[in-house]
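Structure data follow from target_21.cif (mmCIF, C-alpha atoms and all ligand atoms):
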data_coords
loop_
_atom_site.label_atom_id
_atom_site.label_comp_id
_atom_site.auth_asym_id
_atom_site.auth_seq_id
_atom_site.Cartn_x
_atom_site.Cartn_y
_atom_site.Cartn_z
CA MET A 1 -14.47 24.49 1.02
CA LYS A 2 -15.28 24.20 4.71
CA ALA A 3 -12.55 22.89 7.01
CA VAL A 4 -11.68 22.53 10.71
CA VAL A 5 -9.00 25.17 11.29
CA TYR A 6 -6.71 25.33 14.35
CA ASP A 7 -6.80 28.87 15.73
CA GLY A 8 -4.71 28.30 18.88
CA PRO A 9 -4.93 26.21 22.06
CA ARG A 10 -8.39 24.66 22.53
CA ASN A 11 -9.74 26.83 19.73
CA VAL A 12 -10.84 25.20 16.49
CA ASN A 13 -13.33 26.68 14.06
CA VAL A 14 -15.07 25.60 10.90
CA LYS A 15 -14.09 28.10 8.23
CA ASP A 16 -14.22 28.68 4.49
CA VAL A 17 -10.72 28.08 3.11
CA PRO A 18 -9.39 27.72 -0.47
CA ASP A 19 -10.36 24.37 -2.01
CA ALA A 20 -7.79 21.57 -1.86
CA ARG A 21 -6.71 20.81 -5.45
CA ILE A 22 -4.45 18.65 -7.60
CA GLU A 23 -0.96 20.16 -7.24
CA ARG A 24 1.18 17.43 -8.80
CA PRO A 25 0.38 14.87 -11.52
CA THR A 26 0.64 12.03 -8.95
CA ASP A 27 -2.11 13.55 -6.71
CA ALA A 28 -5.73 12.60 -6.28
CA LEU A 29 -8.44 14.85 -4.91
CA VAL A 30 -10.83 13.17 -2.48
CA LYS A 31 -14.25 14.40 -1.36
CA ILE A 32 -14.24 13.44 2.30
CA THR A 33 -17.32 11.60 3.54
CA THR A 34 -15.99 10.37 6.91
CA THR A 35 -13.14 11.78 9.00
CA ASN A 36 -12.29 11.19 12.66
CA ILE A 37 -11.00 13.16 15.59
CA CYS A 38 -7.99 11.29 17.00
CA GLY A 39 -6.26 11.34 20.38
CA SER A 40 -3.17 12.67 18.63
CA ASP A 41 -5.22 15.64 17.37
CA LEU A 42 -5.72 16.49 21.05
CA HIS A 43 -1.99 17.03 21.72
CA MET A 44 -2.13 19.66 18.95
CA TYR A 45 -5.56 21.01 19.98
CA GLU A 46 -4.26 21.59 23.53
CA GLY A 47 -1.36 23.63 22.14
CA ARG A 48 1.19 21.02 23.25
CA THR A 49 2.94 20.89 19.86
CA ASP A 50 4.17 23.47 17.35
CA PHE A 51 1.17 22.93 15.04
CA GLU A 52 0.71 26.26 13.27
CA PRO A 53 -2.53 28.25 13.70
CA GLY A 54 -4.43 28.43 10.41
CA ARG A 55 -3.75 24.81 9.45
CA ILE A 56 -6.38 22.11 9.00
CA PHE A 57 -6.61 19.04 11.26
CA GLY A 58 -7.52 15.50 10.23
CA HIS A 59 -5.42 12.42 9.42
CA GLU A 60 -8.10 9.67 9.57
CA ASN A 61 -9.85 10.12 6.24
CA LEU A 62 -12.19 8.28 3.88
CA GLY A 63 -14.02 9.51 0.82
CA GLU A 64 -14.67 9.45 -2.91
CA VAL A 65 -12.05 10.31 -5.52
CA VAL A 66 -13.30 13.31 -7.51
CA ALA A 67 -10.20 14.09 -9.61
CA VAL A 68 -6.83 12.51 -10.41
CA GLY A 69 -3.61 13.92 -11.83
CA ASP A 70 -2.25 12.86 -15.24
CA ALA A 71 0.27 10.43 -13.70
CA VAL A 72 -2.27 8.47 -11.66
CA ASP A 73 -2.82 5.03 -13.25
CA LYS A 74 -4.79 2.82 -10.91
CA VAL A 75 -7.06 5.02 -8.82
CA ARG A 76 -10.13 6.30 -10.68
CA VAL A 77 -12.65 9.06 -10.24
CA GLY A 78 -15.58 7.56 -8.33
CA ASP A 79 -13.48 5.11 -6.29
CA MET A 80 -14.18 5.02 -2.58
CA VAL A 81 -10.83 5.13 -0.78
CA VAL A 82 -9.41 5.18 2.74
CA LEU A 83 -6.10 6.97 3.22
CA PRO A 84 -3.34 5.85 5.59
CA PHE A 85 -2.50 8.74 7.91
CA ASN A 86 1.08 8.32 6.65
CA ILE A 87 1.87 10.13 3.41
CA SER A 88 4.57 8.07 1.73
CA CYS A 89 6.18 7.91 -1.70
CA GLY A 90 6.43 4.14 -2.20
CA PHE A 91 9.88 4.24 -3.80
CA CYS A 92 12.39 5.48 -1.21
CA GLU A 93 14.71 3.20 0.74
CA ASN A 94 12.34 3.02 3.73
CA CYS A 95 9.09 2.66 1.74
CA GLU A 96 10.69 -0.20 -0.22
CA ARG A 97 11.14 -2.02 3.08
CA GLY A 98 7.57 -1.33 4.20
CA LEU A 99 8.56 1.44 6.60
CA THR A 100 6.10 3.94 5.18
CA ALA A 101 5.85 5.86 8.47
CA PHE A 102 9.46 6.87 7.87
CA CYS A 103 9.30 7.85 4.19
CA LEU A 104 12.39 9.79 3.14
CA ASN A 105 10.72 11.84 0.41
CA THR A 106 7.49 13.31 1.76
CA ASN A 107 8.76 15.39 4.71
CA PRO A 108 10.82 18.45 3.69
CA ASP A 109 12.34 18.75 7.22
CA PRO A 110 15.74 16.99 7.09
CA ARG A 111 15.46 16.14 10.81
CA MET A 112 12.27 14.17 10.15
CA ALA A 113 11.28 11.06 8.25
CA GLY A 114 7.64 10.39 7.43
CA ALA A 115 4.70 12.67 6.80
CA ALA A 116 1.01 12.84 7.66
CA TYR A 117 -2.09 14.92 6.95
CA GLY A 118 -2.72 17.84 9.35
CA PHE A 119 -0.06 16.78 11.84
CA ALA A 120 2.61 18.74 13.78
CA ASP A 121 6.12 18.27 12.36
CA MET A 122 4.87 15.77 9.76
CA GLY A 123 5.16 17.98 6.70
CA PRO A 124 3.14 20.86 5.22
CA TYR A 125 0.07 18.77 4.28
CA ASN A 126 -3.41 19.87 5.25
CA GLY A 127 -5.79 17.54 7.01
CA GLY A 128 -9.02 15.95 5.91
CA GLN A 129 -11.42 17.44 8.45
CA ALA A 130 -12.63 19.33 5.42
CA GLU A 131 -14.79 18.86 2.35
CA LEU A 132 -11.79 18.06 0.13
CA LEU A 133 -8.36 16.50 0.63
CA ARG A 134 -5.30 16.45 -1.62
CA VAL A 135 -3.70 12.98 -1.58
CA PRO A 136 -0.06 12.86 -2.80
CA TYR A 137 1.25 9.71 -4.57
CA ALA A 138 -2.34 8.60 -4.91
CA ASP A 139 -1.67 5.22 -6.54
CA PHE A 140 0.46 4.21 -3.57
CA ASN A 141 -1.52 5.80 -0.76
CA CYS A 142 -5.17 5.11 -1.67
CA LEU A 143 -6.67 1.83 -0.49
CA VAL A 144 -9.63 1.29 -2.81
CA LEU A 145 -12.66 0.01 -0.86
CA PRO A 146 -15.49 -2.33 -1.87
CA GLU A 147 -18.70 -0.84 -3.32
CA ASP A 148 -20.52 -1.03 0.03
CA ALA A 149 -18.17 1.72 1.25
CA ARG A 150 -20.71 4.23 -0.13
CA ASP A 151 -22.87 3.26 2.85
CA LYS A 152 -22.21 5.52 5.85
CA GLU A 153 -22.77 2.60 8.21
CA ARG A 154 -19.90 0.64 6.56
CA GLN A 155 -17.69 3.75 6.55
CA ARG A 156 -17.66 3.63 10.35
CA ASP A 157 -15.60 0.43 10.13
CA TYR A 158 -13.56 1.24 7.03
CA VAL A 159 -12.42 4.68 8.26
CA MET A 160 -10.65 3.00 11.18
CA LEU A 161 -8.19 1.59 8.59
CA ALA A 162 -6.68 5.09 8.26
CA ASP A 163 -5.00 4.94 11.65
CA ILE A 164 -6.35 3.43 14.84
CA PHE A 165 -7.01 -0.17 13.73
CA PRO A 166 -3.60 -0.58 12.02
CA THR A 167 -1.93 1.32 14.89
CA GLY A 168 -3.51 -0.95 17.51
CA TRP A 169 -2.50 -3.96 15.41
CA HIS A 170 1.04 -2.52 15.10
CA ALA A 171 1.28 -2.32 18.91
CA THR A 172 0.69 -6.07 19.12
CA ARG A 173 3.16 -6.77 16.28
CA LEU A 174 5.87 -4.59 17.86
CA ALA A 175 5.20 -6.60 21.01
CA CYS A 176 5.65 -9.83 18.98
CA LEU A 177 2.41 -11.32 20.35
CA ASN A 178 1.96 -15.01 19.53
CA PRO A 179 -1.27 -17.04 19.68
CA GLY A 180 -1.92 -18.31 23.21
CA GLU A 181 0.15 -15.61 24.89
CA THR A 182 -0.95 -12.97 27.37
CA VAL A 183 -0.67 -9.22 26.82
CA VAL A 184 -1.14 -6.15 29.00
CA ILE A 185 -2.28 -2.97 27.24
CA TYR A 186 -1.78 0.38 28.94
CA GLY A 187 -4.41 2.80 27.67
CA SER A 188 -8.01 2.08 26.75
CA GLY A 189 -8.55 4.97 24.37
CA PRO A 190 -9.40 4.18 20.74
CA VAL A 191 -5.91 2.85 19.92
CA GLY A 192 -5.71 0.76 23.10
CA LEU A 193 -9.14 -0.69 22.31
CA MET A 194 -7.96 -1.52 18.79
CA ALA A 195 -4.87 -3.20 20.28
CA CYS A 196 -7.24 -5.32 22.39
CA HIS A 197 -9.41 -6.14 19.36
CA SER A 198 -6.25 -7.06 17.40
CA ALA A 199 -4.87 -9.23 20.22
CA MET A 200 -8.16 -11.14 20.47
CA ILE A 201 -8.23 -11.72 16.70
CA GLN A 202 -4.64 -12.99 16.88
CA GLY A 203 -5.51 -15.51 19.58
CA ALA A 204 -4.21 -13.95 22.80
CA SER A 205 -5.11 -16.15 25.76
CA LYS A 206 -5.55 -13.18 28.10
CA VAL A 207 -5.61 -9.40 27.67
CA TRP A 208 -5.45 -6.93 30.55
CA GLN A 209 -6.41 -3.33 29.80
CA VAL A 210 -5.25 -0.55 32.13
CA ASP A 211 -6.97 2.86 32.21
CA CYS A 212 -8.89 5.11 34.61
CA HIS A 213 -12.02 5.85 32.56
CA PRO A 214 -14.86 3.43 33.41
CA ASP A 215 -16.62 3.89 30.03
CA ARG A 216 -13.47 3.00 28.10
CA LEU A 217 -12.72 0.05 30.40
CA ALA A 218 -16.28 -1.21 29.86
CA LEU A 219 -15.65 -1.24 26.09
CA ALA A 220 -12.37 -3.09 26.67
CA GLU A 221 -14.17 -5.68 28.75
CA ARG A 222 -16.75 -6.13 25.99
CA ALA A 223 -13.87 -6.59 23.53
CA GLY A 224 -12.52 -9.42 25.69
CA ALA A 225 -10.07 -7.76 28.11
CA ILE A 226 -9.79 -7.92 31.89
CA PRO A 227 -10.20 -4.26 32.87
CA ILE A 228 -7.89 -2.73 35.47
CA ASN A 229 -8.77 0.74 36.79
CA PHE A 230 -5.43 2.11 38.00
CA GLU A 231 -7.18 4.59 40.29
CA GLN A 232 -8.42 1.61 42.33
CA THR A 233 -5.97 -1.21 41.64
CA ASN A 234 -2.20 -1.29 41.18
CA PRO A 235 -1.87 -2.79 37.68
CA ILE A 236 1.52 -4.41 38.37
CA ASP A 237 0.23 -6.17 41.50
CA LYS A 238 -2.89 -7.37 39.66
CA ILE A 239 -0.93 -8.78 36.72
CA MET A 240 1.63 -10.47 38.99
CA GLU A 241 -1.23 -11.99 40.99
CA ASP A 242 -2.94 -13.27 37.83
CA THR A 243 0.29 -14.78 36.43
CA GLY A 244 1.75 -16.33 39.58
CA GLY A 245 4.45 -13.64 39.71
CA LYS A 246 5.66 -14.20 36.15
CA GLY A 247 4.24 -11.14 34.41
CA ALA A 248 2.47 -10.76 31.07
CA ASP A 249 4.17 -12.26 28.02
CA ARG A 250 3.82 -9.04 26.05
CA GLY A 251 2.96 -5.39 26.67
CA CYS A 252 1.56 -2.49 24.64
CA GLU A 253 1.86 1.23 25.35
CA CYS A 254 -1.16 3.07 23.91
CA VAL A 255 -1.12 6.28 25.99
CA GLY A 256 1.96 8.36 25.18
CA TYR A 257 3.76 11.26 26.83
CA GLN A 258 0.69 12.75 28.51
CA ALA A 259 0.17 9.65 30.69
CA THR A 260 -1.21 10.41 34.15
CA ASP A 261 -1.00 8.89 37.62
CA ALA A 262 -3.98 8.04 39.85
CA GLN A 263 -4.11 11.68 40.97
CA GLY A 264 -4.26 12.98 37.39
CA SER A 265 -0.69 14.41 37.22
CA GLU A 266 1.22 13.87 33.98
CA HIS A 267 4.33 11.66 34.01
CA PRO A 268 5.76 10.71 30.61
CA ASN A 269 7.58 7.69 32.11
CA ILE A 270 4.74 6.14 34.09
CA THR A 271 3.30 3.71 31.53
CA LEU A 272 6.77 2.75 30.25
CA ASN A 273 8.02 1.86 33.73
CA ASN A 274 4.77 0.09 34.61
CA LEU A 275 5.14 -1.98 31.44
CA VAL A 276 8.71 -2.98 32.28
CA ASN A 277 7.46 -4.13 35.66
CA SER A 278 4.35 -5.94 34.41
CA VAL A 279 5.95 -7.83 31.50
CA LYS A 280 7.91 -11.05 32.06
CA PHE A 281 11.67 -11.55 31.82
CA ALA A 282 12.64 -11.58 28.11
CA GLY A 283 9.19 -10.26 27.20
CA THR A 284 8.52 -7.68 24.49
CA ILE A 285 6.92 -4.25 24.62
CA GLY A 286 5.37 -2.28 21.73
CA VAL A 287 5.07 1.50 22.14
CA VAL A 288 2.64 3.28 19.79
CA GLY A 289 1.50 6.02 22.19
CA VAL A 290 2.83 9.37 20.93
CA PHE A 291 6.02 10.80 22.43
CA VAL A 292 7.38 14.09 21.08
CA ARG A 293 10.81 15.69 20.96
CA GLN A 294 9.79 18.81 22.80
CA ASP A 295 6.91 19.98 24.96
CA PRO A 296 7.69 23.29 26.68
CA LYS A 297 4.37 23.03 28.52
CA HIS A 298 4.95 19.58 30.05
CA PRO A 299 4.69 19.59 33.88
CA ASP A 300 7.51 17.02 34.14
CA PRO A 301 10.74 19.07 34.51
CA LEU A 302 12.96 16.49 32.77
CA TYR A 303 10.66 16.24 29.75
CA LYS A 304 10.17 20.01 29.62
CA GLN A 305 13.78 21.16 30.04
CA HIS A 306 15.62 18.33 28.31
CA ASP A 307 13.61 18.06 25.11
CA GLY A 308 11.56 14.96 25.67
CA GLU A 309 13.87 13.02 28.00
CA VAL A 310 12.11 10.45 30.15
CA ALA A 311 13.22 8.88 33.46
CA PHE A 312 13.04 5.34 32.10
CA ASP A 313 13.86 2.44 34.42
CA PHE A 314 16.54 1.09 32.11
CA GLY A 315 18.21 -0.99 34.83
CA GLU A 316 15.07 -3.03 35.39
CA PHE A 317 14.44 -3.24 31.63
CA TRP A 318 17.99 -4.53 31.04
CA ILE A 319 17.95 -7.00 33.94
CA ARG A 320 14.74 -8.41 32.54
CA GLY A 321 16.25 -8.72 29.08
CA GLN A 322 13.22 -7.15 27.50
CA THR A 323 12.88 -5.81 23.97
CA MET A 324 10.98 -2.69 22.97
CA GLY A 325 9.64 -1.61 19.59
CA THR A 326 8.52 1.98 19.04
CA GLY A 327 7.16 4.52 16.62
CA GLN A 328 4.29 5.36 14.33
CA CYS A 329 2.50 2.62 12.45
CA ASN A 330 3.39 1.77 8.86
CA VAL A 331 -0.29 1.64 7.95
CA LYS A 332 0.25 0.14 4.50
CA ASN A 333 1.78 -2.97 6.08
CA TYR A 334 -1.60 -3.89 7.50
CA ASN A 335 -4.52 -1.98 5.98
CA ARG A 336 -5.29 -4.35 3.10
CA GLN A 337 -5.32 -7.42 5.37
CA LEU A 338 -7.34 -5.65 8.05
CA LEU A 339 -9.84 -4.60 5.38
CA ALA A 340 -10.23 -8.28 4.50
CA LEU A 341 -10.94 -9.04 8.18
CA ILE A 342 -13.66 -6.36 8.23
CA VAL A 343 -15.19 -7.63 4.97
CA ALA A 344 -15.15 -11.20 6.34
CA GLY A 345 -16.89 -10.03 9.52
CA ARG A 346 -13.96 -11.07 11.73
CA ALA A 347 -13.17 -7.48 12.78
CA ARG A 348 -15.56 -4.70 13.74
CA PRO A 349 -13.45 -1.69 14.75
CA SER A 350 -16.48 0.64 14.75
CA PHE A 351 -17.36 -0.59 18.23
CA VAL A 352 -15.34 2.34 19.59
CA VAL A 353 -17.50 4.99 17.86
CA SER A 354 -19.58 7.00 20.33
CA HIS A 355 -20.53 10.09 18.29
CA GLU A 356 -21.24 10.91 14.65
CA LEU A 357 -21.25 14.63 13.93
CA SER A 358 -21.40 17.01 11.01
CA LEU A 359 -18.26 19.04 10.26
CA GLU A 360 -19.98 22.15 11.71
CA GLN A 361 -20.14 20.36 15.07
CA ALA A 362 -16.35 19.86 15.17
CA PRO A 363 -15.67 22.51 17.87
CA THR A 364 -18.13 20.75 20.21
CA GLY A 365 -16.68 17.36 19.33
CA TYR A 366 -13.16 18.51 20.16
CA GLU A 367 -14.25 20.06 23.44
CA HIS A 368 -16.01 16.95 24.76
CA PHE A 369 -13.43 14.46 23.46
CA ASP A 370 -10.57 16.55 24.88
CA LYS A 371 -12.16 16.47 28.35
CA ARG A 372 -12.45 12.66 28.04
CA GLU A 373 -16.06 13.13 29.04
CA GLN A 374 -17.95 10.01 29.96
CA GLY A 375 -19.24 8.34 26.81
CA TRP A 376 -17.06 10.30 24.33
CA THR A 377 -14.78 7.48 23.14
CA LYS A 378 -14.47 8.19 19.40
CA VAL A 379 -15.84 11.00 17.27
CA VAL A 380 -16.58 10.51 13.57
CA MET A 381 -17.56 13.44 11.34
CA HIS A 382 -19.26 13.61 7.95
CA PRO A 383 -18.21 16.71 5.95
CA ASP A 384 -20.70 15.81 3.19
CA GLY A 385 -23.51 16.21 5.71
CA GLY A 386 -25.56 13.79 7.77
CA ARG A 387 -25.48 10.02 7.79
ZN ZN B 1 -5.12 9.17 14.51
ZN ZN B 2 9.08 6.89 0.73
#
Show this structure as C-alpha cells.
Ligand SMILES: [Zn+2]
Ligand SMILES: [Zn+2]
Amino acid sequence: MKAVVYDGPRNVNVKDVPDARIERPTDALVKITTTNICGSDLHMYEGRTDFEPGRIFGHENLGEVVAVGDAVDKVRVGDMVVLPFNISCGFCENCERGLTAFCLNTNPDPRMAGAAYGFADMGPYNGGQAELLRVPYADFNCLVLPEDARDKERQRDYVMLADIFPTGWHATRLACLNPGETVVIYGSGPVGLMACHSAMIQGASKVWQVDCHPDRLALAERAGAIPINFEQTNPIDKIMEDTGGKGADRGCECVGYQATDAQGSEHPNITLNNLVNSVKFAGTIGVVGVFVRQDPKHPDPLYKQHDGEVAFDFGEFWIRGQTMGTGQCNVKNYNRQLLALIVAGRARPSFVVSHELSLEQAPTGYEHFDKREQGWTKVVMHPDGGR
C-alpha cells in the first residue's frame, strides 16, 4: 500500500510499504478515504519528538471497513467509520471511567498511558495517511457513520470527529464553560477554531480568539469570536478592557509548547501565563495544546535542559484561585454526540478545511502547512484518489 512515511526532519515521502492487515481477532482493517494533517503531526515532522524514521503518520482517519477479525461483533465489512485518534481497549480501569486517552492496555511503554495512530510515544501503531489502517479493538474504537458518509463532501465534516472537533470541545469542557459565560481561546489553529465553534454551540456570550495569523483570525471571526492579533494588541489588556477589569470567565489553551511571542520566538510558558492573567479570579482554564516531556531542540533553556519544565506563574495562578484541566482528549466521550450535531446541521467543523489533496501530494501539504502559509489552515487528503 502507499503511505506517508517520516524520513527525518521536514522530510516525508509517499512510499510503498507492506499492507496493514488484521493482526488480532479484535482488529478491523479500514480502507482510508479521508485523512488529515494535524498540527501535532508538525511537532513530529519538524523533528521535535522522538518519532522514528520509517513510521507512518496520520491519526485523523475515516474510511470503509474492508475486513474484520473473528472476535469483532458489531462492526461490519462495508461500514463507514471514523476512528478516534486514541487507541483504547474499552475495559481497563481508565477506559471504564471514560478516560480513553489514558488507556492502560494499548501502550506497551510502562511510563505512558494511552495510545494513538502514528504518534510519538503513543505506542507502536502506524498512522492512517495510507491506503489501509489496522484498527485495534474495533468494536470499541469505530464510530459507525450514517450512509451519507460515502460522500466525500460529508467526509470533510465527519473526519473532524477523529480529533480536532472533540479536542476543541474538550478544551471548553476542561474549562467548565457554562451557557452565557465568556471564554478566551489562545490559538486559532484548527483546534482553537473548533474550541470557538464548540463554545458558540454551548452558548458562550463572548469568545475572544488570540493568534497572529490574519487568515486564521478571520475564520475565528466568522465562527463568532472577537479576534485579537497579539502582534498588534496585548491580549490581556484587551480582555481586561472588554470585561471592566474582571477577566474572561474561562480560558482555553490551544497552542502548546511551541507557542511564540510577537517577535516569533518560542516560549512554552507564554500562553499559560497569558491565560492566568486574562481569566478571572476563580476562573477555569483548559489546556489541550500539546506539551511534551522532552524537546532537546527547544530554544527555551528551562524546557530544553530540564525535560519539559515551564516557568509557570504559579503565584498569580494560586492567588487567583484558578483551576486548570489538561491533557489529550478522550474522544469517545464526545464523538457520538458531536456526530449528532453535525447530522442535525448544528455543527459544521469543515469550515476550517482549506486544502483537499491526494496522498501523493502529502509532502507539499506538509511543507505549506508547516510554514503556516497564508490560507493553509487545514489539509485533508484522500488516499483512495480524488474527491
Ligand atoms: Zn490531530
Ligand atoms: Zn483501556
Axis-aligned box for range 171-181 of chain A, 3 Å per side, centre and edges in Å as lines of an AutoDock Vina configuration file:
center_x = 2.0
center_y = -10.3
center_z = 20.6
size_x = 13.8
size_y = 22.0
size_z = 14.6
Pull the closest atom pair for each residue of chain A that gets at most 7 Å from ligand ZN 2 (chain B), along with the distance in Å to one decimal, counting only C-alpha atoms and all ligand atoms, ordering rows by chain and then ascending residue number, as JSON lines.
{"residue": "A:Ser88", "atom": "CA", "partner": "B:ZN2", "partner_atom": "ZN", "distance": 4.8}
{"residue": "A:Cys89", "atom": "CA", "partner": "B:ZN2", "partner_atom": "ZN", "distance": 3.9}
{"residue": "A:Gly90", "atom": "CA", "partner": "B:ZN2", "partner_atom": "ZN", "distance": 4.8}
{"residue": "A:Phe91", "atom": "CA", "partner": "B:ZN2", "partner_atom": "ZN", "distance": 5.3}
{"residue": "A:Cys92", "atom": "CA", "partner": "B:ZN2", "partner_atom": "ZN", "distance": 4.1}
{"residue": "A:Glu93", "atom": "CA", "partner": "B:ZN2", "partner_atom": "ZN", "distance": 6.7}
{"residue": "A:Asn94", "atom": "CA", "partner": "B:ZN2", "partner_atom": "ZN", "distance": 5.9}
{"residue": "A:Cys95", "atom": "CA", "partner": "B:ZN2", "partner_atom": "ZN", "distance": 4.3}
{"residue": "A:Thr100", "atom": "CA", "partner": "B:ZN2", "partner_atom": "ZN", "distance": 6.1}
{"residue": "A:Cys103", "atom": "CA", "partner": "B:ZN2", "partner_atom": "ZN", "distance": 3.6}
{"residue": "A:Leu104", "atom": "CA", "partner": "B:ZN2", "partner_atom": "ZN", "distance": 5.0}
{"residue": "A:Asn105", "atom": "CA", "partner": "B:ZN2", "partner_atom": "ZN", "distance": 5.2}
{"residue": "A:Thr106", "atom": "CA", "partner": "B:ZN2", "partner_atom": "ZN", "distance": 6.7}
Write out, as a tab-separated table, each residue of chain A that has an atom at most 10 Å from ligand ZN 1 (chain B), together with the closest pair of atoms and their distance in Å to one decimal, counting all atoms listed in the file, rows going by chain and rising number.
residue	atom	partner	partner_atom	distance
A:Asn36	CA	B:ZN1	ZN	7.7
A:Ile37	CA	B:ZN1	ZN	7.2
A:Cys38	CA	B:ZN1	ZN	4.4
A:Gly39	CA	B:ZN1	ZN	6.4
A:Ser40	CA	B:ZN1	ZN	5.7
A:Asp41	CA	B:ZN1	ZN	7.1
A:Leu42	CA	B:ZN1	ZN	9.8
A:Gly58	CA	B:ZN1	ZN	8.0
A:His59	CA	B:ZN1	ZN	6.0
A:Glu60	CA	B:ZN1	ZN	5.8
A:Asn61	CA	B:ZN1	ZN	9.6
A:Pro84	CA	B:ZN1	ZN	9.7
A:Phe85	CA	B:ZN1	ZN	7.1
A:Ala116	CA	B:ZN1	ZN	9.9
A:Tyr117	CA	B:ZN1	ZN	10.0
A:Phe119	CA	B:ZN1	ZN	9.5
A:Met160	CA	B:ZN1	ZN	8.9
A:Ala162	CA	B:ZN1	ZN	7.6
A:Asp163	CA	B:ZN1	ZN	5.1
A:Ile164	CA	B:ZN1	ZN	5.9
A:Phe165	CA	B:ZN1	ZN	9.6
A:Thr167	CA	B:ZN1	ZN	8.5
A:Pro190	CA	B:ZN1	ZN	9.1
A:Val191	CA	B:ZN1	ZN	8.4
Open item on the list: With distances taken over all atoms listed in the file, which residue among A:Ala282, A:Ala340, A:Ala138, A:Leu272 lies nearest Val310 in chain A?
Closed with: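 Using all atoms listed in the file, the shortest distance to Val310 in chain A belongs to A:Leu272.
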TODO: Just the residues within 6 Å of Cys212 in chain A, please, counting all atoms listed in the file, with nothing from its chain fewer than 4 positions along; format it as number ranges by chain.
DONE: A: 229-231
Task: Selection as a list of chain:residue names: residues within 9 Å of (-11.3, -3.5, 33.3), counting only C-alpha atoms - done: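 Those within range, by chain then number, are A:Trp208, A:Gln209, A:Val210, A:Asp211, A:Pro214, A:Arg216, A:Leu217, A:Ala218, A:Leu219, A:Ala220, A:Glu221, A:Ala225, A:Ile226, A:Pro227, A:Ile228, A:Asn229.
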Residues within 9 Å of Val30 in chain A, all atoms listed in the file, excluding chain neighbours under 5 positions, as a compact mmCIF listing (two decimals) with C-alpha atoms, keeping the file's coordinate frame:
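See part.txt below for the written result:
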# COMPACT_ATOMS: atom_id res chain seq x y z
CA ALA A 20 -7.79 21.57 -1.86
CA LEU A 62 -12.19 8.28 3.88
CA GLY A 63 -14.02 9.51 0.82
CA GLU A 64 -14.67 9.45 -2.91
CA VAL A 65 -12.05 10.31 -5.52
CA VAL A 66 -13.30 13.31 -7.51
CA ALA A 67 -10.20 14.09 -9.61
CA VAL A 68 -6.83 12.51 -10.41
CA VAL A 77 -12.65 9.06 -10.24
CA MET A 80 -14.18 5.02 -2.58
CA VAL A 81 -10.83 5.13 -0.78
CA GLU A 131 -14.79 18.86 2.35
CA LEU A 132 -11.79 18.06 0.13
CA LEU A 133 -8.36 16.50 0.63
CA ARG A 134 -5.30 16.45 -1.62
CA VAL A 135 -3.70 12.98 -1.58
TODO: Tell me which of A:Gly283, A:Gly375, A:Gly325, A:Pro235 sits closest to Gly189 in chain A, counting only C-alpha atoms.
DONE: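 The closest residue to Gly189 in chain A is A:Gly375.
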Task: Who sits within 9 Å of Phe281 in chain A, all atoms listed in the file, same chain under 5 positions skipped, as a list in words - done: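 Listed by chain and then number, they are Lys246, Gly247, Asp249, Phe317, Ile319, Arg320, Gly321 and Gln322 of chain A.
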- [ ] Calculate how many Å separate CA of Pro136 in chain A from CA of Pro383 in chain A, rounding to one decimal.
- [x]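 Between CA of Pro136 in chain A and CA of Pro383 in chain A the gap works out to 20.5 Å.
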TODO: Quick one: everything within 7 Å of range 172-186 of chain A, counting only C-alpha atoms, minus sequence neighbours fewer than 5 positions away in the same chain. Send it as a VMD selection string.
DONE: chain A and resid 192 195 199 202 to 211 248 to 255 271 284 to 286 325
Task: Polymer residues at most 10 Å from His368 in chain A, all atoms listed in the file, same-chain spacing of 6 or more positions, as a VMD selection string - done: chain A and resid 374 to 377 379
TODO: Compare A:Val288, A:Ala115, A:Val72, A:Leu275 by their minimum atom-to-atom distance to Ile87 in chain A, counting all atoms listed in the file, and give me the closest one.
DONE: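 Checking each of A:Val288, A:Ala115, A:Val72, A:Leu275 against Ile87 in chain A, counting all atoms listed in the file, the winner is A:Ala115.
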Task: For CA of Gly327 in chain A and CA of Gly224 in chain A, the interatomic separation in Å (one decimal) - done: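 According to the coordinates, CA of Gly327 in chain A and CA of Gly224 in chain A are separated by 25.8 Å.
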Task: Atom pair CA of Arg111 in chain A / CA of Thr35 in chain A: separation (Å) - done: 29.0 Å
TODO: May I have the protein, DNA and RNA residues with any atom at most 9 Å from the point (-0.5, 22.0, 17.6), counting all atoms listed in the file, written as a list in words?
DONE: Tyr6, Gly8, Pro9, Asp41, Leu42, His43, Met44, Tyr45, Glu46, Gly47, Arg48, Thr49, Asp50, Phe51, Glu52, Pro53, Phe119 and Ala120 of chain A
TODO: Can you work out which one of A:Ser198, A:Thr26, A:Asn273, A:Thr260 has the shortest atom-to-atom distance to Pro349 in chain A, counting only C-alpha atoms?
DONE: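 When distances to Pro349 in chain A are compared using only C-alpha atoms, the smallest one comes from A:Ser198.
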- [ ] Point out the residue among A:Asn11, A:Arg222, A:His306, A:Thr34 with the least atom-to-atom distance to Glu153 in chain A, counting all atoms listed in the file.
- [x]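 Ranking A:Asn11, A:Arg222, A:His306, A:Thr34 by distance to Glu153 in chain A, first place goes to A:Thr34.
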